[in-house]
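**Student:** One structure, as structure tokens, below. Some questions next.
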Amino acid sequence: MGRVAPLVCALALAASNLPAQRPSCDICRRAIEGEYTVWKDNAGRRYDICQVCRAHAPRCALCSMPTKNRPVSNGDHLCDACRRVAVGCMVCRELVRGSYTEYTLENGVRHRVCADCRRDGPRCAACETPFARRELSGARGGAELWCRHCLAGAEHCELCLEPVRGVSYRLQFTDGLWCAACFEGSEKCYYCQRPMKARARTAHAGYGMCADCAEQSLSGSEVYAAIARQTEPLLEEALTRPLDLPAVEAVTLGQLKLALANAREGALHGFLDPAVPEVAHELGLFLAQGQSRRILILDALPEDTAWETIAHEMAHAWQFQHYPQATDPLIVEGFAQWVAAEMCRQTEKRSGLERLYRRADDYGFGLRLIDRIDAELGRGAVFKVLQDNAFPAGFGPTPAPR
Ligand SMILES: [Zn+2]
Ligand SMILES: [Zn+2]
Ligand SMILES: [Zn+2]
Ligand SMILES: [Zn+2]
Ligand SMILES: [Zn+2]
Ligand SMILES: [Zn+2]
Ligand SMILES: [Zn+2]
């Protein structure tokens with residue numbers, strides 16, 4: 001026992017008296033004179049801190065330990081241990097002192113939000129993620145705030161040009177979409193069915209017409225007859241037999257409807273063609289009565305629609321001249337659409353062509369059937385369909401009985 005006591009004493013002396021073993025301050029690095037404070041951080045590491053640093057060094061915002069670390073982005077100081085676990089709220093930029101929510105953004109970034117900001121912070125109207133106000137952009141006339149990820153991925157309304165969320169509308173033959181406010185609250189163009197801010201002109205019977213259709217609009221029997229004359233040789237070449245081209249007349253919607261009513265009453269032959277099926281607009285009519293043959297086309301049609309409709313009615317006239325026995329609507333309309341598609345292709349009326357093929361009714365179905373027959377069996381087989389008023393086996397809407 002007598003030999004142990006002096007040794008302990010010597011160690012104590014060494015710690016307090018020998019200059020080489022005096023602790024140095026873990027903040028200012030100077031050797032400590034006199035009193036000092038020992039801190040342990042959250043990770044258990046020991047820090048010896050001089051009185052000067054204890055009084056003047058910045059304090060860790062989370063554990064209050066004096067620290068030599070530079071401030072983090074929001075101006076707070078963090079000790080080494082706290083810096084490893086600290087979470088900054090991406091909305092208010094404050095250090096999170098309780099729970100937080102982590103969102104994963106489109107670009108994979110982890111977006112952490114404190115409980116206060118999650119509850120009260122500004123948020124994106126589309127994805128509902130809270131963001132700092134300066135990271136959000138005003139949309140829909142300032143009524144909504146959107147984050148840049150949602151804005152970048154959003155489709156925009158064709159009419160108001162604002163980003164669209166929730167209910168939106170599309171049209172069968174037209175690209176783009178419309179927000180509910182624009183589609184439900186605006187007048188539609190009679191021809192293209194797109195909602196418009198203001199009508200460019202009146203189409204027929206009080207219906208409005210959009211600026212695009214008005215700009216493309218053709219008027220008058222002479223203009224239509226000129227299109228028919230341009231189409232005639234192409235049509236005769238495609239169909240290998242001549243057409244006695246009927247008179248082509250531009251008419252109003254009222255005249256067109258009246259002519260059809262008369263045709264039905266007098267039991268004369270007529271084809272009425274709704275080229276825009278969802279609204280069943282009548283655009284053209286081929287009439288045969290005794291020796292008289294007439295093609296009536298709605299006046300002021302946009303150019304592509306005019307070409308398509310005139311070619312379609314000419315096909316009816318040709319078919320009635322050569323194959324009056326063909327009466328099945330799928331055959332008659334499919335054939336007329338197929339001819340119209342051929343004419344659109346040859347005259348490069350692209351938009352009309354796509355519209356023809358995309359139709360989901362008898363017109364579109366018949367067209368695709370005739371198109372297949374022409375491709376697989378040849379043009380003679382197309383005429384055979386008209387001759388027989390029947391599709392070949394394997395091509396009709398119902399398979400031929402065996
Ligand atoms: Zn110090
Ligand atoms: Zn700390
Ligand atoms: Zn926050
Ligand atoms: Zn968003
Ligand atoms: Zn809109
Ligand atoms: Zn239009
Ligand atoms: Zn038709």
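Labels used: A, B, ... for chains in the order of the structure tokens, numbers from 1 for residues in each chain, and numbers from 1 for ligands as shown.
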Using only C-alpha atoms, which residues sit within 9 Å of A:Leu161 once same-chain residues fewer than 3 positions away are excluded, as a CSV table (one decimal) with C-alpha atoms, in the first residue's frame?
**Tutor:**
chain,number,residue,atom,x,y,z
A,140,ARG,CA,-54.0,30.1,-63.6
A,156,HIS,CA,-51.2,23.2,-71.1
A,157,CYS,CA,-54.8,24.1,-72.0
A,158,GLU,CA,-55.0,25.0,-75.7
A,164,VAL,CA,-54.0,21.6,-66.6
A,178,TRP,CA,-58.5,21.8,-72.6
**Student:** To check your reading of the model: which residues sit at most 10 Å from ligand 5 when counting only C-alpha atoms and all ligand atoms? Write the answer as a ChimeraX atom specification.
**Tutor:** /A:140,156-164,168-169,177-186,195,197
**Student:** Which residues, written as a list of chain:residue names, have at least one atom at most 12 Å from A:Gln230, with only C-alpha atoms counted and residues fewer than 3 positions away on the same chain left out?
**Tutor:**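 So, after excluding close chain neighbours, the residues are A:Val223, A:Tyr224, A:Ala225, A:Ala226, A:Ile227, A:Pro233, A:Leu234, A:Leu235, A:Glu236, A:Leu245, A:Trp307, A:Ile310, A:Ala311, A:Met314, A:Met343, A:Gln346, A:Thr347.
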**Student:** Write out as a ChimeraX atom specification each polymer residue (protein, DNA or RNA) that has an atom no more than 12 Å from ligand 1, with only C-alpha atoms and all ligand atoms counted.
**Tutor:** /A:23-38,47-58,66-68
**Student:** To check your reading of the model: which residues sit at most 9 Å from ligand 2 when counting only C-alpha atoms and all ligand atoms? Write the answer as a list in words.
**Tutor:**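 Those residues are Asp41, Asn42, Arg59, Cys60, Ala61, Leu62, Cys63, Ser64, Met65, Pro66, Thr67, His77, Leu78, Cys79, Asp80, Ala81, Cys82, Arg83 and Ala86 of chain A.
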**Student:** Counting only C-alpha atoms and all ligand atoms, which of A:Pro324, A:Pro122, A:Pro71, A:Gly44 gets nearest to ligand 4?
**Tutor:**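 Of the candidates, the smallest distance to ligand 4 is held by A:Pro122.
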**Student:** Once you count only C-alpha atoms and all ligand atoms, which residues end up within 9 Å of ligand 3, and could you hand them over as a ChimeraX atom specification?
**Tutor:** /A:88-96,100,112-118,121,132
**Student:** Just to be explicit: take each residue in the selection above, keep C-alpha atoms, and write the result as a JSON list (two decimals), in the first residue's frame.
**Tutor:**
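Here's the written file result07.json:
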[["chain", "number", "residue", "atom", "x", "y", "z"],
["A", 88, "GLY", "CA", -32.90, 21.37, -42.32],
["A", 89, "CYS", "CA", -36.46, 22.10, -43.39],
["A", 90, "MET", "CA", -36.44, 22.79, -47.14],
["A", 91, "VAL", "CA", -39.32, 25.23, -46.79],
["A", 92, "CYS", "CA", -38.46, 27.55, -43.85],
["A", 93, "ARG", "CA", -34.71, 26.70, -43.87],
["A", 94, "GLU", "CA", -34.76, 26.23, -40.08],
["A", 95, "LEU", "CA", -33.22, 23.25, -38.33],
["A", 96, "VAL", "CA", -35.82, 20.65, -37.56],
["A", 100, "TYR", "CA", -40.37, 16.05, -40.22],
["A", 112, "ARG", "CA", -37.63, 17.32, -45.96],
["A", 113, "VAL", "CA", -40.26, 19.52, -44.42],
["A", 114, "CYS", "CA", -40.78, 20.39, -40.74],
["A", 115, "ALA", "CA", -44.16, 19.79, -39.11],
["A", 116, "ASP", "CA", -45.05, 23.52, -39.07],
["A", 117, "CYS", "CA", -44.35, 23.94, -42.77],
["A", 118, "ARG", "CA", -46.11, 20.74, -43.64],
["A", 121, "GLY", "CA", -46.40, 26.23, -45.61],
["A", 132, "ALA", "CA", -40.56, 27.74, -50.11]]
**Student:** For the strand (DSSP E) assignment from backbone DSSP, which residues of stretch 187-322 of chain A qualify? Please present them as a PyMOL selection string.
**Tutor:** chain A and resi 201-202+208-209+247-251+269-276+281-289+292-298
**Student:** Next, write the just-selected residues to a file, as a short mmCIF file (atom, residue, chain, number, x, y, z; two decimals), in the first residue's frame, keeping N, CA and C atoms as the atom set.
**Tutor:**
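Saved result, result-v4.cif, follows:
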data_model
loop_
_atom_site.label_atom_id
_atom_site.label_comp_id
_atom_site.auth_asym_id
_atom_site.auth_seq_id
_atom_site.Cartn_x
_atom_site.Cartn_y
_atom_site.Cartn_z
N ARG A 201 -66.36 34.22 -86.76
CA ARG A 201 -67.52 34.58 -87.57
C ARG A 201 -68.62 33.57 -87.30
N THR A 202 -69.79 33.81 -87.85
CA THR A 202 -70.89 32.86 -87.74
C THR A 202 -70.75 31.85 -88.87
N GLY A 208 -71.02 29.28 -84.20
CA GLY A 208 -69.80 30.08 -84.36
C GLY A 208 -68.70 29.29 -85.02
N MET A 209 -67.69 30.02 -85.48
CA MET A 209 -66.58 29.42 -86.20
C MET A 209 -65.29 30.03 -85.64
N ALA A 247 -73.48 18.66 -110.80
CA ALA A 247 -73.27 20.04 -110.36
C ALA A 247 -72.91 20.03 -108.87
N VAL A 248 -71.97 20.88 -108.51
CA VAL A 248 -71.59 20.99 -107.09
C VAL A 248 -72.06 22.34 -106.58
N GLU A 249 -72.89 22.31 -105.52
CA GLU A 249 -73.47 23.56 -105.03
C GLU A 249 -73.09 23.79 -103.57
N ALA A 250 -72.70 25.03 -103.27
CA ALA A 250 -72.47 25.42 -101.87
C ALA A 250 -73.80 25.87 -101.28
N VAL A 251 -74.17 25.25 -100.14
CA VAL A 251 -75.48 25.56 -99.55
C VAL A 251 -75.36 25.89 -98.07
N HIS A 269 -82.92 9.00 -104.07
CA HIS A 269 -81.69 8.47 -103.51
C HIS A 269 -80.84 9.60 -102.94
N GLY A 270 -80.38 9.46 -101.72
CA GLY A 270 -79.54 10.50 -101.16
C GLY A 270 -78.60 9.94 -100.10
N PHE A 271 -77.44 10.48 -100.06
CA PHE A 271 -76.50 10.12 -98.99
C PHE A 271 -76.20 11.38 -98.20
N LEU A 272 -76.47 11.34 -96.94
CA LEU A 272 -76.14 12.48 -96.08
C LEU A 272 -74.90 12.11 -95.29
N ASP A 273 -73.98 13.02 -95.27
CA ASP A 273 -72.71 12.65 -94.64
C ASP A 273 -72.33 13.50 -93.46
N PRO A 274 -72.51 12.97 -92.29
CA PRO A 274 -71.97 13.66 -91.13
C PRO A 274 -70.48 13.35 -91.00
N ALA A 275 -69.64 14.30 -91.32
CA ALA A 275 -68.20 14.03 -91.29
C ALA A 275 -67.62 14.27 -89.91
N VAL A 276 -68.36 14.88 -89.02
CA VAL A 276 -67.90 15.07 -87.64
C VAL A 276 -68.88 14.31 -86.76
N HIS A 281 -72.80 16.57 -87.55
CA HIS A 281 -73.00 17.70 -88.45
C HIS A 281 -73.11 17.21 -89.88
N GLU A 282 -74.09 17.71 -90.55
CA GLU A 282 -74.21 17.37 -91.96
C GLU A 282 -73.28 18.29 -92.74
N LEU A 283 -72.44 17.71 -93.57
CA LEU A 283 -71.50 18.52 -94.34
C LEU A 283 -71.74 18.42 -95.84
N GLY A 284 -72.28 17.28 -96.28
CA GLY A 284 -72.47 17.12 -97.72
C GLY A 284 -73.59 16.16 -98.02
N LEU A 285 -74.07 16.21 -99.26
CA LEU A 285 -75.20 15.36 -99.66
C LEU A 285 -75.12 15.09 -101.15
N PHE A 286 -75.23 13.81 -101.53
CA PHE A 286 -75.34 13.47 -102.95
C PHE A 286 -76.78 13.09 -103.21
N LEU A 287 -77.38 13.72 -104.21
CA LEU A 287 -78.79 13.50 -104.52
C LEU A 287 -78.94 12.98 -105.94
N ALA A 288 -79.75 11.94 -106.10
CA ALA A 288 -80.06 11.44 -107.44
C ALA A 288 -81.57 11.38 -107.56
N GLN A 289 -82.10 12.07 -108.57
CA GLN A 289 -83.56 12.09 -108.76
C GLN A 289 -83.82 12.08 -110.27
N SER A 292 -81.50 13.72 -112.76
CA SER A 292 -80.76 14.78 -112.08
C SER A 292 -79.78 14.22 -111.03
N ARG A 293 -78.58 14.75 -111.04
CA ARG A 293 -77.57 14.38 -110.03
C ARG A 293 -77.03 15.69 -109.43
N ARG A 294 -77.06 15.78 -108.12
CA ARG A 294 -76.57 17.02 -107.48
C ARG A 294 -75.68 16.66 -106.29
N ILE A 295 -74.67 17.46 -106.10
CA ILE A 295 -73.85 17.36 -104.89
C ILE A 295 -74.00 18.68 -104.13
N LEU A 296 -74.51 18.58 -102.92
CA LEU A 296 -74.65 19.77 -102.08
C LEU A 296 -73.57 19.72 -100.99
N ILE A 297 -72.84 20.80 -100.87
CA ILE A 297 -71.77 20.87 -99.86
C ILE A 297 -72.02 22.10 -99.00
N LEU A 298 -71.92 21.91 -97.69
CA LEU A 298 -72.11 23.03 -96.76
C LEU A 298 -71.10 24.13 -97.09
#
**Student:** From a DSSP pass on the backbone, collect the residues of stretch 85-216 of chain A flagged as alpha helix (DSSP H) and hand them back as a ChimeraX atom specification.
**Tutor:** /A:85,115-120,148-153,180-185,211-216
**Student:** Using only C-alpha atoms and all ligand atoms, determine which residues fall within 9 Å of ligand 4, then list them as a list in words.
**Tutor:**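 So, counting only C-alpha atoms and all ligand atoms, the residues near ligand 4 are Leu105, Glu106, Arg123, Cys124, Ala125, Ala126, Cys127, Glu128, Thr129, Pro130, Phe131, Leu136, Leu145, Trp146, Cys147, Arg148, His149, Cys150 and Leu151 of chain A.
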**Student:** Let me make sure I understand: among A:Arg70, A:Arg133, A:Arg194, A:Arg110, which one has the smallest atom-to-atom distance to A:Arg170 if we use only C-alpha atoms?
**Tutor:**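 Using only C-alpha atoms, A:Arg170 sits closest to A:Arg194.
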**Student:** Go through the chains and note each residue within 9 Å of ligand 6, using only C-alpha atoms and all ligand atoms, then give the set as a VMD selection string.
**Tutor:** chain A and resid 188 to 196 208 to 214 302
**Student:** Taking into account only C-alpha atoms and all ligand atoms, which residue in the set A:Gly378, A:Gly290, A:Gly138, A:Pro329 is nearest to ligand 7?
**Tutor:**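 The shortest atom-to-atom distance to ligand 7 comes from A:Pro329.
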**Student:** Which of these, A:Val109, A:Leu239, A:Asp361, A:Ala198, has the shortest distance to A:Asp374 once you count only C-alpha atoms?
**Tutor:**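 Among A:Val109, A:Leu239, A:Asp361, A:Ala198, it is A:Leu239 that comes nearest to A:Asp374.
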**Student:** Distance atom CA of A:Asp304-atom CA of A:Asn262, one decimal place?
**Tutor:**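 Computed distance, atom CA of A:Asp304 to atom CA of A:Asn262, equals 28.6 Å.
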**Student:** So, with only C-alpha atoms and all ligand atoms as the atoms that count, which of A:Asn389, A:His316, A:Trp338, A:Ile331 lies closest to ligand 7?
**Tutor:**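 Smallest separation from ligand 7 among the options: A:His316.
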**Student:** Tell me which of A:Asn107, A:His312, A:Lys40, A:His322 sits closest to A:Arg241, counting only C-alpha atoms.
**Tutor:**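 Comparing A:Asn107, A:His312, A:Lys40, A:His322 against A:Arg241, the winner is A:His322.
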**Student:** Please indicate the distance in Å from atom CA of A:Ser99 to atom CA of A:His111, rounded to one decimal place.
**Tutor:** 13.8 Å
**Student:** If I take atom CA of A:Gly176 and atom CA of A:Ala152, how far is one from the other in Å, to one decimal?
**Tutor:**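 Spanning atom CA of A:Gly176 to atom CA of A:Ala152 is a straight-line distance of 16.1 Å.
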**Student:** If you count only C-alpha atoms, which residues fall within 9 Å of A:Asp371, apart from same-chain ones fewer than 3 positions away, as a list in words?
**Tutor:**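 Non-adjacent residues within range: Gly334, Phe335, Trp338, Gly366, Leu367, Arg368, Asp374, Ala375, Glu376 and Val382 of chain A.
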